[in-house]
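Structure below is input.txt: compact mmCIF, C-alpha atoms.
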# COMPACT_ATOMS: atom_id res chain seq x y z
CA MET A 1 105.53 81.01 107.53
CA LYS A 2 104.96 84.66 106.72
CA THR A 3 106.12 87.76 108.54
CA VAL A 4 103.12 89.96 109.33
CA LEU A 5 103.31 93.50 110.73
CA ILE A 6 100.15 94.92 112.31
CA THR A 7 99.66 98.47 113.59
CA GLY A 8 97.22 99.18 116.41
CA ALA A 9 97.83 95.64 117.61
CA ASN A 10 97.21 95.98 121.34
CA ARG A 11 93.42 95.62 121.36
CA GLY A 12 90.27 95.01 119.34
CA ILE A 13 90.69 93.93 115.73
CA GLY A 14 94.47 94.39 115.85
CA LEU A 15 94.81 92.06 118.83
CA ALA A 16 92.50 89.50 117.20
CA LEU A 17 94.57 89.62 114.00
CA THR A 18 97.75 89.17 116.03
CA ARG A 19 96.30 86.11 117.73
CA ARG A 20 95.05 84.57 114.49
CA PHE A 21 98.22 85.05 112.48
CA SER A 22 100.33 83.84 115.43
CA ALA A 23 98.16 80.77 115.96
CA ARG A 24 98.74 79.55 112.43
CA GLY A 25 102.50 79.89 112.76
CA ASP A 26 103.24 83.25 111.18
CA LYS A 27 105.79 85.59 112.71
CA VAL A 28 103.88 88.66 113.90
CA ILE A 29 105.36 92.07 114.59
CA ALA A 30 102.76 93.78 116.75
CA VAL A 31 103.09 97.57 116.60
CA CYS A 32 101.29 99.81 119.09
CA ARG A 33 101.57 102.93 121.20
CA ASN A 34 101.18 100.98 124.45
CA SER A 35 101.37 97.23 124.87
CA SER A 36 98.90 95.19 126.92
CA PRO A 37 99.06 91.93 128.87
CA GLU A 38 96.80 90.36 126.26
CA LEU A 39 99.19 91.34 123.47
CA GLU A 40 102.26 90.13 125.35
CA ALA A 41 100.54 86.76 125.84
CA THR A 42 100.33 86.18 122.07
CA GLY A 43 104.06 85.62 121.77
CA ALA A 44 104.30 88.22 119.02
CA GLN A 45 107.29 90.53 118.66
CA VAL A 46 105.86 93.64 120.32
CA GLU A 47 107.11 97.02 119.12
CA ALA A 48 105.57 99.56 121.48
CA GLY A 49 105.89 103.34 121.57
CA ILE A 50 104.87 103.78 117.94
CA ASP A 51 102.22 106.37 117.05
CA VAL A 52 101.40 106.26 113.33
CA SER A 53 100.89 110.02 113.32
CA ASP A 54 104.52 110.51 114.42
CA ALA A 55 107.00 110.37 111.54
CA ALA A 56 109.97 110.11 113.91
CA ALA A 57 108.42 107.14 115.73
CA LEU A 58 107.81 105.34 112.43
CA ALA A 59 111.39 106.02 111.37
CA GLU A 60 112.50 104.47 114.68
CA LEU A 61 110.34 101.43 113.90
CA ALA A 62 112.00 101.06 110.50
CA GLY A 63 115.35 101.17 112.26
CA ARG A 64 114.30 98.45 114.69
CA LEU A 65 113.19 96.22 111.80
CA GLY A 66 116.49 96.54 109.96
CA HIS A 67 116.46 94.20 106.95
CA THR A 68 113.43 92.19 108.09
CA ARG A 69 111.24 91.27 105.12
CA VAL A 70 107.52 91.90 105.74
CA ASP A 71 105.13 89.76 103.71
CA VAL A 72 101.88 91.24 105.02
CA LEU A 73 101.50 94.78 106.37
CA VAL A 74 98.17 95.52 108.05
CA CYS A 75 97.49 99.21 108.68
CA ASN A 76 94.90 98.82 111.40
CA ALA A 77 95.46 101.74 113.82
CA GLY A 78 92.43 104.01 113.84
CA ILE A 79 90.22 106.28 115.93
CA LEU A 80 86.61 107.46 115.78
CA SER A 81 84.78 110.48 117.11
CA ARG A 82 81.15 111.48 116.62
CA GLU A 83 80.37 114.93 115.21
CA VAL A 84 76.82 116.21 114.88
CA PHE A 85 76.09 118.91 112.32
CA GLY A 86 75.28 122.24 113.96
CA ASP A 87 77.17 121.35 117.11
CA ILE A 88 80.76 121.03 115.85
CA ASP A 89 82.86 123.42 117.92
CA GLY A 90 86.60 124.00 118.06
CA ASP A 91 87.19 120.74 119.90
CA GLY A 92 85.08 118.93 117.32
CA PHE A 93 87.13 120.24 114.42
CA GLU A 94 90.32 119.33 116.27
CA ALA A 95 88.96 115.79 116.72
CA MET A 96 88.31 115.67 112.99
CA ARG A 97 91.92 116.71 112.28
CA ARG A 98 93.16 114.00 114.63
CA GLN A 99 91.11 111.38 112.76
CA PHE A 100 92.75 112.45 109.51
CA GLU A 101 96.19 112.19 111.11
CA ILE A 102 95.57 108.63 112.32
CA ASN A 103 93.05 107.15 109.88
CA THR A 104 94.21 108.77 106.64
CA LEU A 105 97.80 109.93 106.87
CA GLY A 106 98.82 107.16 109.29
CA PRO A 107 98.61 104.37 106.68
CA LEU A 108 100.38 106.51 104.07
CA ARG A 109 103.20 107.36 106.49
CA THR A 110 103.48 103.72 107.54
CA VAL A 111 103.66 102.31 104.03
CA GLN A 112 106.08 104.98 102.85
CA VAL A 113 108.45 104.56 105.80
CA LEU A 114 108.32 100.75 105.66
CA ALA A 115 108.49 100.46 101.87
CA GLY A 116 112.04 99.20 102.18
CA VAL A 117 110.96 96.04 104.04
CA LEU A 118 108.27 95.23 101.49
CA GLY A 119 109.14 93.30 98.36
CA GLU A 120 107.66 91.46 95.42
CA GLY A 121 104.69 89.45 96.63
CA SER A 122 104.14 91.54 99.77
CA ARG A 123 100.57 92.57 100.56
CA VAL A 124 99.26 95.68 102.29
CA GLY A 125 95.85 95.62 103.95
CA ILE A 126 94.44 99.00 104.96
CA ILE A 127 91.62 98.58 107.49
CA THR A 128 89.15 101.18 106.33
CA SER A 129 85.35 101.32 106.69
CA ARG A 130 82.26 101.19 104.51
CA MET A 131 81.44 104.47 106.29
CA GLY A 132 83.95 105.95 103.85
CA SER A 133 81.76 104.90 100.93
CA MET A 134 79.92 107.75 99.20
CA ALA A 135 77.35 105.41 97.68
CA ASP A 136 76.66 103.65 100.98
CA ASN A 137 76.11 106.78 103.11
CA GLY A 138 72.42 106.82 103.94
CA SER A 139 72.53 108.13 107.49
CA GLY A 140 74.91 111.13 107.53
CA GLY A 141 76.86 112.31 110.55
CA TYR A 142 80.30 111.10 111.65
CA TYR A 143 81.91 113.83 109.56
CA GLY A 144 85.52 113.25 110.55
CA TYR A 145 85.39 109.47 110.48
CA ARG A 146 83.56 109.22 107.16
CA ALA A 147 85.81 111.79 105.50
CA SER A 148 89.02 110.25 106.88
CA LYS A 149 88.02 106.80 105.61
CA ALA A 150 86.97 108.09 102.19
CA ALA A 151 90.35 109.81 101.98
CA VAL A 152 92.31 106.71 102.97
CA ASN A 153 90.43 104.77 100.30
CA ALA A 154 91.79 107.24 97.73
CA ILE A 155 95.26 106.90 99.22
CA GLY A 156 95.06 103.10 99.11
CA ARG A 157 94.04 103.21 95.46
CA SER A 158 97.02 105.41 94.62
CA LEU A 159 99.38 103.20 96.63
CA ALA A 160 98.19 100.18 94.65
CA ILE A 161 99.10 101.95 91.41
CA ASP A 162 102.45 103.24 92.66
CA LEU A 163 103.51 99.90 94.20
CA LYS A 164 102.37 97.71 91.31
CA PRO A 165 105.75 97.91 89.52
CA ARG A 166 107.32 96.38 92.63
CA GLY A 167 104.79 93.53 92.73
CA ILE A 168 103.16 94.77 95.95
CA ASP A 169 99.36 94.56 96.29
CA VAL A 170 97.19 96.93 98.35
CA PHE A 171 93.66 96.16 99.53
CA LEU A 172 91.08 98.39 101.22
CA LEU A 173 89.27 96.23 103.78
CA HIS A 174 86.11 96.95 105.79
CA PRO A 175 86.20 94.72 108.89
CA GLY A 176 82.42 94.67 109.47
CA PHE A 177 80.56 96.24 112.38
CA VAL A 178 82.82 94.83 115.07
CA SER A 179 82.18 94.84 118.83
CA THR A 180 85.13 96.88 120.10
CA ASP A 181 85.71 99.73 122.53
CA MET A 182 85.62 102.11 119.56
CA VAL A 183 81.86 101.52 119.15
CA ASP A 184 81.14 100.87 122.83
CA ASN A 185 80.93 97.14 122.05
CA ALA A 186 77.74 97.70 120.03
CA GLY A 187 78.89 95.73 116.97
CA GLU A 188 77.36 92.77 115.18
CA ILE A 189 80.38 90.46 115.09
CA SER A 190 83.30 89.75 117.41
CA PRO A 191 86.88 90.83 116.74
CA ASP A 192 87.80 87.15 116.28
CA GLU A 193 85.13 86.68 113.60
CA SER A 194 86.26 89.80 111.82
CA ALA A 195 89.91 88.79 112.02
CA ALA A 196 89.17 85.38 110.50
CA GLN A 197 87.49 87.03 107.53
CA LEU A 198 90.20 89.66 107.11
CA VAL A 199 92.94 87.02 107.11
CA GLU A 200 91.02 85.07 104.48
CA ARG A 201 90.78 88.17 102.28
CA LEU A 202 94.50 88.88 102.62
CA ASP A 203 95.21 85.25 101.71
CA THR A 204 92.86 84.94 98.76
CA LEU A 205 92.43 88.30 96.99
CA SER A 206 94.32 88.24 93.70
CA ASP A 207 96.78 90.64 92.13
CA ALA A 208 93.94 91.81 89.90
CA ASP A 209 92.07 92.95 93.03
CA SER A 210 94.82 95.31 94.17
CA GLY A 211 93.46 98.80 94.81
CA SER A 212 89.90 97.61 95.37
CA PHE A 213 87.50 97.99 98.32
CA TRP A 214 86.17 94.88 100.06
CA HIS A 215 83.98 93.87 102.95
CA ALA A 216 85.79 91.32 105.12
CA ASN A 217 83.07 88.80 104.23
CA GLY A 218 84.20 88.81 100.60
CA THR A 219 81.68 91.28 99.15
CA PRO A 220 83.07 94.09 96.97
CA LEU A 221 82.05 97.54 98.21
CA PRO A 222 81.16 100.70 96.24
CA TRP A 223 83.29 103.80 96.47
Encoded form using structure tokens:
Amino acid sequence: MKTVLITGANRGIGLALTRRFSARGDKVIAVCRNSSPELEATGAQVEAGIDVSDAAALAELAGRLGHTRVDVLVCNAGILSREVFGDIDGDGFEAMRRQFEINTLGPLRTVQVLAGVLGEGSRVGIITSRMGSMADNGSGGYYGYRASKAAVNAIGRSLAIDLKPRGIDVFLLHPGFVSTDMVDNAGEISPDESAAQLVERLDTLSDADSGSFWHANGTPLPW
């Protein structure tokens, strides 16, 4: 049995991951801003009131965990807004800043604050997006989301290097185009399908893969 901590666990991919890890017997610590009946029904240890953009809230989470050892940390919390070139006003730029706070700095804050509960053999999965790939961008748009995911890919790569001496692996994981509220349920696969693939990647990627960028289906992705 592993201890798995998941941020953004109350819905979508985070909820599906919570269900899947719990179903196979792992202890899941489900971190979220606001809980949900669906999350409570999983039997996970729910830690609500945690916004990954809030350093004080993350410090409180670390205090709640105490000396708990975390084997798998999944940085899943994320947001998306749609900016169209030529029509990005003050609110649009503020939305872009918010995406950086959550999508980019959120995982860095989370890993740094919780570094004390990670140890040799622990794994960190950062749920990013192929929309952060420079080579894969053939459609433009989504300025804040694309940039925030490209930036978190760089952060994940650096974390892999900095945590290697402690025997901690870091993986950048694209979940697929998943049918969630974030994309108005317009995805190609369900959260459960995505979660199954993500869990498999976290189980099977090797130490040599730390710091690399993967599709949940097992395909390596270009930066």
Report as a Markdown table: every residue of range 149-174 of chain A with an atom at most 10 Å from range 187-208 of chain A, its closest pair of atoms, and their distance in Å to one decimal, counting only C-alpha atoms, with rows sorted by chain and ascending residue number.
| residue | atom | partner | partner_atom | distance |
| --- | --- | --- | --- | --- |
| A:Ala160 | CA | A:Asp207 | CA | 10.0 |
| A:Lys164 | CA | A:Asp207 | CA | 9.1 |
| A:Gly167 | CA | A:Asp207 | CA | 8.5 |
| A:Ile168 | CA | A:Asp207 | CA | 8.5 |
| A:Asp169 | CA | A:Asp207 | CA | 6.3 |
| A:Val170 | CA | A:Asp207 | CA | 8.9 |
| A:Phe171 | CA | A:Leu202 | CA | 8.0 |
| A:Leu173 | CA | A:Leu198 | CA | 7.4 |
| A:His174 | CA | A:Leu198 | CA | 8.5 |
Taking only C-alpha atoms into account, which of A:Leu118, A:Ala55, A:Cys75, A:Ala151 comes nearest Ser133 in chain A?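 Comparing A:Leu118, A:Ala55, A:Cys75, A:Ala151 against Ser133 in chain A, the winner is A:Ala151.
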Tell me which residues come within 7 Å of (86.6, 106.9, 108.6), as a list in words, counting only C-alpha atoms in the file's coordinates. Asn103, Thr128, Ser129, Met131, Gly132, Gly144, Tyr145, Arg146, Ala147, Ser148, Lys149 and Ala150 of chain A
Name the residues within 12 Å of (112.8, 105.8, 114.7), counting all atoms listed in the file in the file's coordinates, and put them as a list in words.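 The residues near that point, listed by chain and number, are Glu47, Ala48, Gly49, Ile50, Asp51, Val52, Asp54, Ala55, Ala56, Ala57, Leu58, Ala59, Glu60, Leu61, Ala62, Gly63, Arg64, Leu65, Gly66, Thr110, Val113 and Leu114 of chain A.
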One number please: CA of Leu221 in chain A to CA of Ser139 in chain A, in Å, one decimal.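 Value for the CA of Leu221 in chain A-CA of Ser139 in chain A distance: 17.0 Å.
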Here is a test: counting only C-alpha atoms, which residue of A:Ser53, A:Gly138, A:Ala9, A:Trp223 is nearest to Pro37 in chain A?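 Closest to Pro37 in chain A, using only C-alpha atoms: A:Ala9.
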Using all atoms listed in the file, can you tell me which of A:Leu159, A:Cys32, A:Ala95, A:Asn185 comes closest to Arg109 in chain A?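 When distances to Arg109 in chain A are compared using all atoms listed in the file, the smallest one comes from A:Leu159.
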Distance of CA of Met96 in chain A from CA of Gly141 in chain A, expressed in Å to one decimal place: 12.2 Å
Considering all atoms listed in the file, state which residue in the set A:Arg11, A:Arg98, A:Arg157, A:Arg130 is at the smallest distance from Val31 in chain A. A:Arg11
Can you work out which one of A:Gly125, A:Gly8, A:Gly14, A:Gly140 has the shortest atom-to-atom distance to Val84 in chain A, counting all atoms listed in the file?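 Residue with the minimum atom-to-atom distance to Val84 in chain A: A:Gly140.
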Pick the closest to Val111 in chain A from A:Ser179, A:Thr18, A:Asn34, A:Asn76: which is it, counting all atoms listed in the file? A:Asn76
